$ cat input02.cif   # mmCIF, N, CA and C atoms
data_structure
#
loop_
_atom_site.label_atom_id
_atom_site.label_comp_id
_atom_site.auth_asym_id
_atom_site.auth_seq_id
_atom_site.Cartn_x
_atom_site.Cartn_y
_atom_site.Cartn_z
N MET A 27 -9.67 31.60 -9.34
CA MET A 27 -10.25 32.89 -9.48
C MET A 27 -11.06 33.19 -8.22
N HIS A 28 -11.04 34.44 -7.84
CA HIS A 28 -11.83 34.83 -6.68
C HIS A 28 -13.30 34.93 -7.09
N VAL A 29 -14.17 34.61 -6.18
CA VAL A 29 -15.61 34.57 -6.47
C VAL A 29 -16.14 35.93 -6.91
N THR A 30 -15.54 37.02 -6.45
CA THR A 30 -16.03 38.34 -6.85
C THR A 30 -15.85 38.57 -8.35
N ALA A 31 -14.80 38.04 -8.94
CA ALA A 31 -14.60 38.14 -10.39
C ALA A 31 -15.70 37.37 -11.12
N TYR A 32 -16.07 36.23 -10.57
CA TYR A 32 -17.15 35.45 -11.17
C TYR A 32 -18.49 36.17 -11.03
N LEU A 33 -18.74 36.78 -9.88
CA LEU A 33 -20.01 37.46 -9.65
C LEU A 33 -20.21 38.63 -10.60
N ASN A 34 -19.12 39.27 -11.03
CA ASN A 34 -19.22 40.39 -11.96
C ASN A 34 -19.63 39.96 -13.36
N ALA A 35 -19.29 38.75 -13.75
CA ALA A 35 -19.62 38.27 -15.11
C ALA A 35 -19.72 36.75 -15.13
N PRO A 36 -20.78 36.18 -14.54
CA PRO A 36 -20.88 34.72 -14.50
C PRO A 36 -20.99 34.06 -15.86
N ALA A 37 -21.57 34.74 -16.83
CA ALA A 37 -21.74 34.14 -18.16
C ALA A 37 -20.41 33.97 -18.89
N LYS A 38 -19.40 34.74 -18.51
CA LYS A 38 -18.09 34.65 -19.15
C LYS A 38 -17.31 33.40 -18.75
N HIS A 39 -17.66 32.81 -17.62
CA HIS A 39 -16.88 31.69 -17.07
C HIS A 39 -17.72 30.42 -17.08
N GLU A 40 -17.31 29.48 -17.90
CA GLU A 40 -18.03 28.22 -17.97
C GLU A 40 -17.51 27.27 -16.90
N ALA A 41 -18.43 26.57 -16.25
CA ALA A 41 -18.06 25.69 -15.14
C ALA A 41 -17.46 24.38 -15.62
N GLY A 42 -17.86 23.88 -16.76
CA GLY A 42 -17.41 22.56 -17.18
C GLY A 42 -18.10 21.50 -16.34
N PRO A 43 -17.49 20.34 -16.17
CA PRO A 43 -18.14 19.26 -15.43
C PRO A 43 -18.05 19.38 -13.91
N ILE A 44 -17.22 20.34 -13.43
CA ILE A 44 -17.07 20.48 -11.98
C ILE A 44 -16.83 21.95 -11.63
N ALA A 45 -17.42 22.36 -10.52
CA ALA A 45 -17.18 23.68 -9.97
C ALA A 45 -16.92 23.52 -8.48
N VAL A 46 -15.88 24.16 -8.00
CA VAL A 46 -15.51 24.07 -6.59
C VAL A 46 -15.56 25.47 -5.99
N LEU A 47 -16.31 25.61 -4.92
CA LEU A 47 -16.34 26.86 -4.16
C LEU A 47 -15.62 26.58 -2.85
N CYS A 48 -14.42 27.16 -2.71
CA CYS A 48 -13.60 26.85 -1.54
C CYS A 48 -13.32 28.10 -0.73
N GLY A 49 -13.28 27.94 0.56
CA GLY A 49 -12.98 29.05 1.45
C GLY A 49 -13.87 29.01 2.68
N LYS A 50 -13.65 29.99 3.55
CA LYS A 50 -14.35 30.00 4.83
C LYS A 50 -15.42 31.06 4.93
N ASP A 51 -15.53 31.95 3.94
CA ASP A 51 -16.52 33.00 4.00
C ASP A 51 -17.87 32.48 3.50
N ALA A 52 -18.79 32.25 4.42
CA ALA A 52 -20.08 31.65 4.08
C ALA A 52 -20.90 32.55 3.15
N TYR A 53 -20.81 33.86 3.34
CA TYR A 53 -21.58 34.77 2.49
C TYR A 53 -21.09 34.69 1.04
N LEU A 54 -19.78 34.76 0.84
CA LEU A 54 -19.24 34.70 -0.51
C LEU A 54 -19.53 33.35 -1.17
N LYS A 55 -19.46 32.29 -0.37
CA LYS A 55 -19.76 30.96 -0.91
C LYS A 55 -21.22 30.87 -1.34
N HIS A 56 -22.11 31.40 -0.53
CA HIS A 56 -23.54 31.39 -0.86
C HIS A 56 -23.81 32.25 -2.10
N ALA A 57 -23.20 33.43 -2.17
CA ALA A 57 -23.40 34.31 -3.32
C ALA A 57 -22.86 33.65 -4.60
N GLY A 58 -21.72 33.02 -4.52
CA GLY A 58 -21.15 32.32 -5.67
C GLY A 58 -22.01 31.15 -6.10
N PHE A 59 -22.51 30.40 -5.14
CA PHE A 59 -23.37 29.25 -5.45
C PHE A 59 -24.67 29.71 -6.11
N THR A 60 -25.25 30.78 -5.59
CA THR A 60 -26.49 31.32 -6.16
C THR A 60 -26.26 31.78 -7.60
N ALA A 61 -25.18 32.51 -7.83
CA ALA A 61 -24.87 32.99 -9.18
C ALA A 61 -24.59 31.83 -10.13
N LEU A 62 -23.87 30.83 -9.65
CA LEU A 62 -23.58 29.65 -10.45
C LEU A 62 -24.86 28.92 -10.82
N THR A 63 -25.74 28.75 -9.86
CA THR A 63 -27.00 28.06 -10.09
C THR A 63 -27.85 28.81 -11.11
N GLU A 64 -27.96 30.11 -10.94
CA GLU A 64 -28.77 30.91 -11.87
C GLU A 64 -28.17 30.90 -13.27
N SER A 65 -26.85 30.96 -13.37
CA SER A 65 -26.18 30.96 -14.66
C SER A 65 -26.32 29.61 -15.37
N MET A 66 -26.15 28.52 -14.63
CA MET A 66 -26.18 27.20 -15.23
C MET A 66 -27.58 26.74 -15.59
N LEU A 67 -28.54 27.09 -14.76
CA LEU A 67 -29.91 26.60 -14.99
C LEU A 67 -30.74 27.56 -15.84
N ASP A 68 -30.18 28.70 -16.20
CA ASP A 68 -30.86 29.65 -17.10
C ASP A 68 -32.28 29.99 -16.68
N GLY A 69 -32.50 30.20 -15.41
CA GLY A 69 -33.82 30.59 -14.94
C GLY A 69 -34.82 29.45 -14.90
N GLU A 70 -34.36 28.21 -15.14
CA GLU A 70 -35.27 27.07 -15.05
C GLU A 70 -35.63 26.83 -13.59
N ASP A 71 -36.58 25.99 -13.37
CA ASP A 71 -37.00 25.64 -12.02
C ASP A 71 -35.85 24.95 -11.29
N ASP A 72 -35.40 25.54 -10.18
CA ASP A 72 -34.29 24.98 -9.42
C ASP A 72 -34.56 23.56 -8.93
N ASP A 73 -35.80 23.27 -8.60
CA ASP A 73 -36.12 21.94 -8.08
C ASP A 73 -35.88 20.86 -9.12
N ALA A 74 -36.04 21.18 -10.38
CA ALA A 74 -35.88 20.18 -11.43
C ALA A 74 -34.41 19.97 -11.79
N GLY A 75 -33.60 21.00 -11.72
CA GLY A 75 -32.22 20.90 -12.18
C GLY A 75 -31.16 20.87 -11.11
N LEU A 76 -31.54 21.02 -9.85
CA LEU A 76 -30.58 21.09 -8.76
C LEU A 76 -30.85 20.00 -7.73
N VAL A 77 -29.81 19.24 -7.41
CA VAL A 77 -29.88 18.22 -6.37
C VAL A 77 -28.79 18.55 -5.37
N GLN A 78 -29.13 18.59 -4.08
CA GLN A 78 -28.14 18.92 -3.05
C GLN A 78 -28.02 17.79 -2.04
N PHE A 79 -26.78 17.57 -1.58
CA PHE A 79 -26.48 16.56 -0.59
C PHE A 79 -25.61 17.16 0.51
N ALA A 80 -25.66 16.55 1.68
CA ALA A 80 -24.74 16.89 2.77
C ALA A 80 -23.51 16.00 2.62
N GLY A 81 -22.34 16.59 2.64
CA GLY A 81 -21.10 15.86 2.39
C GLY A 81 -20.81 14.75 3.35
N ASN A 82 -21.25 14.88 4.60
CA ASN A 82 -20.96 13.84 5.58
C ASN A 82 -21.95 12.69 5.54
N ALA A 83 -23.02 12.81 4.73
CA ALA A 83 -24.06 11.79 4.74
C ALA A 83 -24.26 11.09 3.39
N VAL A 84 -23.52 11.48 2.37
CA VAL A 84 -23.77 10.92 1.04
C VAL A 84 -22.60 10.04 0.61
N GLU A 85 -22.93 9.00 -0.15
CA GLU A 85 -21.93 8.10 -0.70
C GLU A 85 -21.67 8.46 -2.15
N PHE A 86 -20.49 8.12 -2.65
CA PHE A 86 -20.12 8.47 -4.02
C PHE A 86 -21.05 7.83 -5.05
N VAL A 87 -21.51 6.63 -4.78
CA VAL A 87 -22.40 5.94 -5.71
C VAL A 87 -23.67 6.74 -5.95
N THR A 88 -24.22 7.32 -4.90
CA THR A 88 -25.43 8.14 -5.02
C THR A 88 -25.16 9.37 -5.86
N VAL A 89 -24.03 10.02 -5.62
CA VAL A 89 -23.67 11.21 -6.38
C VAL A 89 -23.44 10.86 -7.85
N ALA A 90 -22.73 9.77 -8.11
CA ALA A 90 -22.47 9.35 -9.49
C ALA A 90 -23.76 9.04 -10.22
N ASP A 91 -24.71 8.40 -9.54
CA ASP A 91 -26.01 8.13 -10.16
C ASP A 91 -26.72 9.42 -10.53
N GLU A 92 -26.69 10.40 -9.66
CA GLU A 92 -27.34 11.68 -9.94
C GLU A 92 -26.65 12.41 -11.09
N LEU A 93 -25.32 12.33 -11.15
CA LEU A 93 -24.58 13.00 -12.22
C LEU A 93 -24.88 12.39 -13.59
N ARG A 94 -25.15 11.10 -13.59
CA ARG A 94 -25.40 10.42 -14.86
C ARG A 94 -26.89 10.35 -15.23
N THR A 95 -27.75 10.85 -14.36
CA THR A 95 -29.18 10.88 -14.66
C THR A 95 -29.47 12.06 -15.57
N VAL A 96 -30.19 11.79 -16.64
CA VAL A 96 -30.54 12.84 -17.59
C VAL A 96 -31.79 13.54 -17.09
N SER A 97 -31.75 14.87 -17.10
CA SER A 97 -32.90 15.65 -16.66
C SER A 97 -33.96 15.68 -17.75
N MET A 98 -35.20 15.44 -17.36
CA MET A 98 -36.31 15.48 -18.31
C MET A 98 -36.79 16.90 -18.56
N TRP A 99 -36.51 17.81 -17.65
CA TRP A 99 -37.08 19.16 -17.73
C TRP A 99 -36.10 20.24 -18.12
N GLY A 100 -34.84 19.92 -18.26
CA GLY A 100 -33.88 20.96 -18.60
C GLY A 100 -32.65 20.40 -19.28
N ASP A 101 -31.82 21.30 -19.77
CA ASP A 101 -30.60 20.89 -20.46
C ASP A 101 -29.46 20.59 -19.50
N GLN A 102 -29.45 21.25 -18.38
CA GLN A 102 -28.33 21.15 -17.43
C GLN A 102 -28.81 20.63 -16.09
N ARG A 103 -27.92 19.94 -15.39
CA ARG A 103 -28.24 19.40 -14.07
C ARG A 103 -27.08 19.72 -13.13
N LEU A 104 -27.38 20.26 -11.97
CA LEU A 104 -26.36 20.55 -10.96
C LEU A 104 -26.52 19.59 -9.80
N VAL A 105 -25.41 18.99 -9.40
CA VAL A 105 -25.39 18.12 -8.24
C VAL A 105 -24.43 18.76 -7.25
N ALA A 106 -24.96 19.32 -6.18
CA ALA A 106 -24.15 20.07 -5.21
C ALA A 106 -23.96 19.26 -3.94
N ILE A 107 -22.76 19.33 -3.40
CA ILE A 107 -22.45 18.68 -2.13
C ILE A 107 -21.97 19.76 -1.17
N ASN A 108 -22.78 20.02 -0.15
CA ASN A 108 -22.46 21.02 0.87
C ASN A 108 -21.52 20.42 1.90
N ASP A 109 -20.64 21.23 2.45
CA ASP A 109 -19.64 20.77 3.42
C ASP A 109 -18.97 19.51 2.93
N ALA A 110 -18.38 19.60 1.75
CA ALA A 110 -17.88 18.42 1.04
C ALA A 110 -16.45 18.02 1.41
N ASP A 111 -15.86 18.62 2.42
CA ASP A 111 -14.47 18.28 2.76
C ASP A 111 -14.28 16.80 3.07
N ASP A 112 -15.14 16.23 3.90
CA ASP A 112 -15.05 14.80 4.23
C ASP A 112 -15.34 13.94 3.01
N PHE A 113 -16.32 14.35 2.21
CA PHE A 113 -16.66 13.62 1.00
C PHE A 113 -15.47 13.56 0.05
N VAL A 114 -14.79 14.68 -0.13
CA VAL A 114 -13.63 14.73 -1.02
C VAL A 114 -12.51 13.86 -0.47
N SER A 115 -12.27 13.91 0.84
CA SER A 115 -11.22 13.09 1.45
C SER A 115 -11.49 11.60 1.25
N ARG A 116 -12.74 11.20 1.43
CA ARG A 116 -13.10 9.78 1.30
C ARG A 116 -13.09 9.30 -0.14
N ASN A 117 -13.34 10.19 -1.09
CA ASN A 117 -13.55 9.78 -2.48
C ASN A 117 -12.62 10.46 -3.48
N ARG A 118 -11.46 10.87 -3.02
CA ARG A 118 -10.53 11.61 -3.90
C ARG A 118 -10.20 10.83 -5.18
N GLY A 119 -9.87 9.57 -5.05
CA GLY A 119 -9.53 8.75 -6.22
C GLY A 119 -10.70 8.59 -7.18
N ARG A 120 -11.88 8.38 -6.63
CA ARG A 120 -13.07 8.24 -7.47
C ARG A 120 -13.40 9.54 -8.20
N LEU A 121 -13.22 10.67 -7.53
CA LEU A 121 -13.46 11.96 -8.16
C LEU A 121 -12.46 12.22 -9.29
N GLU A 122 -11.20 11.86 -9.06
CA GLU A 122 -10.18 12.01 -10.10
C GLU A 122 -10.54 11.16 -11.32
N LYS A 123 -10.98 9.94 -11.07
CA LYS A 123 -11.38 9.03 -12.16
C LYS A 123 -12.62 9.57 -12.88
N TYR A 124 -13.57 10.12 -12.12
CA TYR A 124 -14.77 10.69 -12.73
C TYR A 124 -14.41 11.83 -13.68
N LEU A 125 -13.45 12.67 -13.29
CA LEU A 125 -13.08 13.82 -14.12
C LEU A 125 -12.38 13.41 -15.42
N GLU A 126 -11.91 12.17 -15.50
CA GLU A 126 -11.33 11.69 -16.75
C GLU A 126 -12.41 11.50 -17.81
N ARG A 127 -13.62 11.10 -17.39
CA ARG A 127 -14.75 10.91 -18.30
C ARG A 127 -16.03 11.39 -17.62
N PRO A 128 -16.18 12.70 -17.47
CA PRO A 128 -17.35 13.23 -16.76
C PRO A 128 -18.62 13.21 -17.60
N SER A 129 -19.73 13.34 -16.94
CA SER A 129 -21.02 13.45 -17.61
C SER A 129 -21.07 14.77 -18.37
N LYS A 130 -21.66 14.76 -19.54
CA LYS A 130 -21.71 15.96 -20.38
C LYS A 130 -22.84 16.90 -20.02
N LYS A 131 -23.87 16.41 -19.35
CA LYS A 131 -25.05 17.22 -19.05
C LYS A 131 -25.17 17.61 -17.59
N SER A 132 -24.18 17.25 -16.77
CA SER A 132 -24.26 17.54 -15.34
C SER A 132 -23.00 18.26 -14.87
N VAL A 133 -23.19 19.04 -13.82
CA VAL A 133 -22.07 19.74 -13.19
C VAL A 133 -22.05 19.36 -11.72
N LEU A 134 -20.91 18.87 -11.26
CA LEU A 134 -20.71 18.56 -9.85
C LEU A 134 -20.22 19.83 -9.17
N VAL A 135 -20.90 20.25 -8.11
CA VAL A 135 -20.52 21.45 -7.37
C VAL A 135 -20.11 21.02 -5.97
N LEU A 136 -18.86 21.29 -5.62
CA LEU A 136 -18.34 20.97 -4.30
C LEU A 136 -18.15 22.25 -3.51
N LEU A 137 -18.75 22.32 -2.33
CA LEU A 137 -18.57 23.46 -1.44
C LEU A 137 -17.68 22.99 -0.29
N VAL A 138 -16.43 23.44 -0.30
CA VAL A 138 -15.43 22.98 0.66
C VAL A 138 -14.77 24.17 1.37
N LYS A 139 -14.17 23.89 2.50
CA LYS A 139 -13.41 24.92 3.21
C LYS A 139 -11.98 24.96 2.71
N SER A 140 -11.42 23.78 2.43
CA SER A 140 -10.02 23.68 2.03
C SER A 140 -9.92 23.01 0.67
N TRP A 141 -9.09 23.56 -0.20
CA TRP A 141 -8.88 23.01 -1.54
C TRP A 141 -7.42 23.24 -1.94
N PRO A 142 -6.50 22.38 -1.45
CA PRO A 142 -5.08 22.55 -1.77
C PRO A 142 -4.83 22.43 -3.28
N LYS A 143 -4.18 23.42 -3.85
CA LYS A 143 -3.95 23.47 -5.29
C LYS A 143 -2.92 22.45 -5.78
N THR A 144 -2.20 21.83 -4.86
CA THR A 144 -1.14 20.90 -5.24
C THR A 144 -1.65 19.48 -5.46
N THR A 145 -2.89 19.19 -5.14
CA THR A 145 -3.42 17.83 -5.30
C THR A 145 -3.76 17.55 -6.76
N ARG A 146 -3.77 16.27 -7.12
CA ARG A 146 -4.14 15.88 -8.49
C ARG A 146 -5.57 16.28 -8.80
N LEU A 147 -6.44 16.19 -7.80
CA LEU A 147 -7.84 16.54 -8.01
C LEU A 147 -7.98 18.03 -8.32
N ALA A 148 -7.27 18.88 -7.60
CA ALA A 148 -7.33 20.33 -7.84
C ALA A 148 -6.75 20.67 -9.21
N LYS A 149 -5.69 19.99 -9.61
CA LYS A 149 -5.10 20.23 -10.92
C LYS A 149 -6.04 19.79 -12.04
N ALA A 150 -6.69 18.65 -11.85
CA ALA A 150 -7.66 18.17 -12.85
C ALA A 150 -8.85 19.12 -12.94
N THR A 151 -9.28 19.62 -11.79
CA THR A 151 -10.40 20.57 -11.77
C THR A 151 -10.02 21.85 -12.50
N ALA A 152 -8.80 22.32 -12.31
CA ALA A 152 -8.34 23.54 -12.98
C ALA A 152 -8.34 23.38 -14.50
N LYS A 153 -8.08 22.17 -14.98
CA LYS A 153 -8.05 21.92 -16.42
C LYS A 153 -9.44 21.90 -17.04
N VAL A 154 -10.39 21.26 -16.36
CA VAL A 154 -11.70 21.05 -17.00
C VAL A 154 -12.85 21.81 -16.35
N GLY A 155 -12.62 22.38 -15.17
CA GLY A 155 -13.71 23.00 -14.44
C GLY A 155 -13.42 24.41 -13.97
N LEU A 156 -14.05 24.76 -12.88
CA LEU A 156 -13.99 26.12 -12.35
C LEU A 156 -13.75 26.05 -10.84
N THR A 157 -12.77 26.79 -10.37
CA THR A 157 -12.50 26.88 -8.94
C THR A 157 -12.72 28.33 -8.51
N LEU A 158 -13.61 28.55 -7.56
CA LEU A 158 -13.90 29.88 -7.05
C LEU A 158 -13.45 29.98 -5.60
N GLU A 159 -12.54 30.89 -5.33
CA GLU A 159 -12.04 31.10 -3.98
C GLU A 159 -12.99 32.03 -3.23
N CYS A 160 -13.44 31.57 -2.08
CA CYS A 160 -14.46 32.30 -1.31
C CYS A 160 -13.91 32.74 0.05
N ASP A 161 -12.78 33.40 0.03
CA ASP A 161 -12.20 34.01 1.23
C ASP A 161 -12.22 35.51 1.04
N GLN A 162 -12.15 36.24 2.13
CA GLN A 162 -12.14 37.69 2.04
C GLN A 162 -10.92 38.17 1.27
N LEU A 163 -11.11 39.23 0.50
CA LEU A 163 -9.98 39.81 -0.23
C LEU A 163 -9.04 40.50 0.73
N LYS A 164 -7.78 40.48 0.42
CA LYS A 164 -6.80 41.12 1.29
C LYS A 164 -6.45 42.48 0.77
#

$ encode --input "input02.cif" --output "structure tokens"
Amino acid sequence: MHVTAYLNAPAKHEAGPIAVLCGKDAYLKHAGFTALTESMLDGEDDDAGLVQFAGNAVEFVTVADELRTVSMWGDQRLVAINDADDFVSRNRGRLEKYLERPSKKSVLVLLVKSWPKTTRLAKATAKVGLTLECDQLK
């Protein structure tokens, strides 16, 4: 789905255990991420429910620990990885395995430039999560 459809009605679209914002338009990606954060955290304090990492500097173990950590201050927890293309390439198998039994209280948010729909990871994400395309409309 294109991010503009999500921006019109974020409450209608549930993210599930994973949300992917893919594309090259930084403005649309930022707008989608902001709407997703506000929708998922229900106006709670962002600092308590949102954890962000740089994709080129984080290891999967750290992300998995954050996804499985229960938040003391809110119902939902978002773990976002910015510029996650390298992270996804390095950890594709682990991400696929994680989606088989994801955490129920956390949402993994991947901000990537490329998200080929033919991969097993993209197909698994389409089944249980939300993919938002962040390229300009044609």

$ resolve_selection --input "input02.cif" --expression "the PyMOL selection byres ((chain A and resi 48) around 7)" --output "PyMOL selection string"
chain A and resi 46-47+49-51+55+136-141+157-161

$ residues_around --input "input02.cif" --residues "segment 88-91 of chain A" --least-positions-apart "4" --cutoff "9 Å" --atoms "only C-alpha atoms" --output "ChimeraX atom specification"
/A:79,84,95,105-107,124,134

$ atom_distance --input "input02.cif" --atom1 "atom CA of Lys123 of chain A" --atom2 "atom CA of Ala61 of chain A"
27.7 Å

$ residues_around --input "input02.cif" --residues "Pro43 of chain A" --least-positions-apart "6" --cutoff "7 Å" --atoms "all atoms listed in the file" --output "PDB file with N, CA and C atoms, in the frame of the given file"
ATOM      1  N   PRO A 128     -16.180  12.700 -17.470  1.00  0.00           N
ATOM      2  CA  PRO A 128     -17.350  13.230 -16.760  1.00  0.00           C
ATOM      3  C   PRO A 128     -18.620  13.210 -17.600  1.00  0.00           C
ATOM      4  N   SER A 129     -19.730  13.340 -16.940  1.00  0.00           N
ATOM      5  CA  SER A 129     -21.020  13.450 -17.610  1.00  0.00           C
ATOM      6  C   SER A 129     -21.070  14.770 -18.370  1.00  0.00           C
ATOM      7  N   LYS A 130     -21.660  14.760 -19.540  1.00  0.00           N
ATOM      8  CA  LYS A 130     -21.710  15.960 -20.380  1.00  0.00           C
ATOM      9  C   LYS A 130     -22.840  16.900 -20.020  1.00  0.00           C
ATOM     10  N   SER A 132     -24.180  17.250 -16.770  1.00  0.00           N
ATOM     11  CA  SER A 132     -24.260  17.540 -15.340  1.00  0.00           C
ATOM     12  C   SER A 132     -23.000  18.260 -14.870  1.00  0.00           C
ATOM     13  N   VAL A 133     -23.190  19.040 -13.820  1.00  0.00           N
ATOM     14  CA  VAL A 133     -22.070  19.740 -13.190  1.00  0.00           C
ATOM     15  C   VAL A 133     -22.050  19.360 -11.720  1.00  0.00           C
ATOM     16  N   LEU A 134     -20.910  18.870 -11.260  1.00  0.00           N
ATOM     17  CA  LEU A 134     -20.710  18.560  -9.850  1.00  0.00           C
ATOM     18  C   LEU A 134     -20.220  19.830  -9.170  1.00  0.00           C
ATOM     19  N   VAL A 135     -20.900  20.250  -8.110  1.00  0.00           N
ATOM     20  CA  VAL A 135     -20.520  21.450  -7.370  1.00  0.00           C
ATOM     21  C   VAL A 135     -20.110  21.020  -5.970  1.00  0.00           C
ATOM     22  N   VAL A 154     -10.390  21.260 -16.360  1.00  0.00           N
ATOM     23  CA  VAL A 154     -11.700  21.050 -17.000  1.00  0.00           C
ATOM     24  C   VAL A 154     -12.850  21.810 -16.350  1.00  0.00           C
ATOM     25  N   GLY A 155     -12.620  22.380 -15.170  1.00  0.00           N
ATOM     26  CA  GLY A 155     -13.710  23.000 -14.440  1.00  0.00           C
ATOM     27  C   GLY A 155     -13.420  24.410 -13.970  1.00  0.00           C
ATOM     28  N   LEU A 156     -14.050  24.760 -12.880  1.00  0.00           N
ATOM     29  CA  LEU A 156     -13.990  26.120 -12.350  1.00  0.00           C
ATOM     30  C   LEU A 156     -13.750  26.050 -10.840  1.00  0.00           C
TER      31      LEU A 156
END

$ resolve_selection --input "input02.cif" --expression "the PyMOL selection byres ((chain A and resi 80) around 8)" --output "list of chain:residue names"
A:Val77, A:Gln78, A:Phe79, A:Gly81, A:Asn82, A:Ala83, A:Val84, A:Glu85, A:Ala106, A:Ile107, A:Asn108, A:Asp109, A:Ala110, A:Phe113

$ atom_distance --input "input02.cif" --atom1 "atom N of Val114 of chain A" --atom2 "atom N of Gly58 of chain A"
20.1 Å

$ resolve_selection --input "input02.cif" --expression "the PyMOL selection byres ((chain A and resi 146-148) around 8)" --output "JSON, numbers by chain"
{"A": [118, 119, 121, 122, 123, 141, 142, 143, 144, 145, 149, 150, 151, 152, 153]}

$ atom_distance --input "input02.cif" --atom1 "atom CA of Gln162 of chain A" --atom2 "atom CA of Leu33 of chain A"
14.1 Å

$ axis_aligned_box --input "input02.cif" --around "segment 84-97 of chain A" --padding-each-side "5 Å" --output "AutoDock Vina command-line options"
--center_x -27.0 --center_y 10.8 --center_z -7.7 --size_x 23.8 --size_y 19.7 --size_z 30.1

$ select_by_dssp --input "input02.cif" --residues "chain A" --states "alpha helix (DSSP H)" --output "PyMOL selection string"
chain A and resi 29-34+52-67+72-75+86-94+111-116+118-126+146-154

$ select_by_dssp --input "input02.cif" --residues "chain A" --states "strand (DSSP E)" --output "PyMOL selection string"
chain A and resi 44-48+76-80+103-108+132-138+156-159
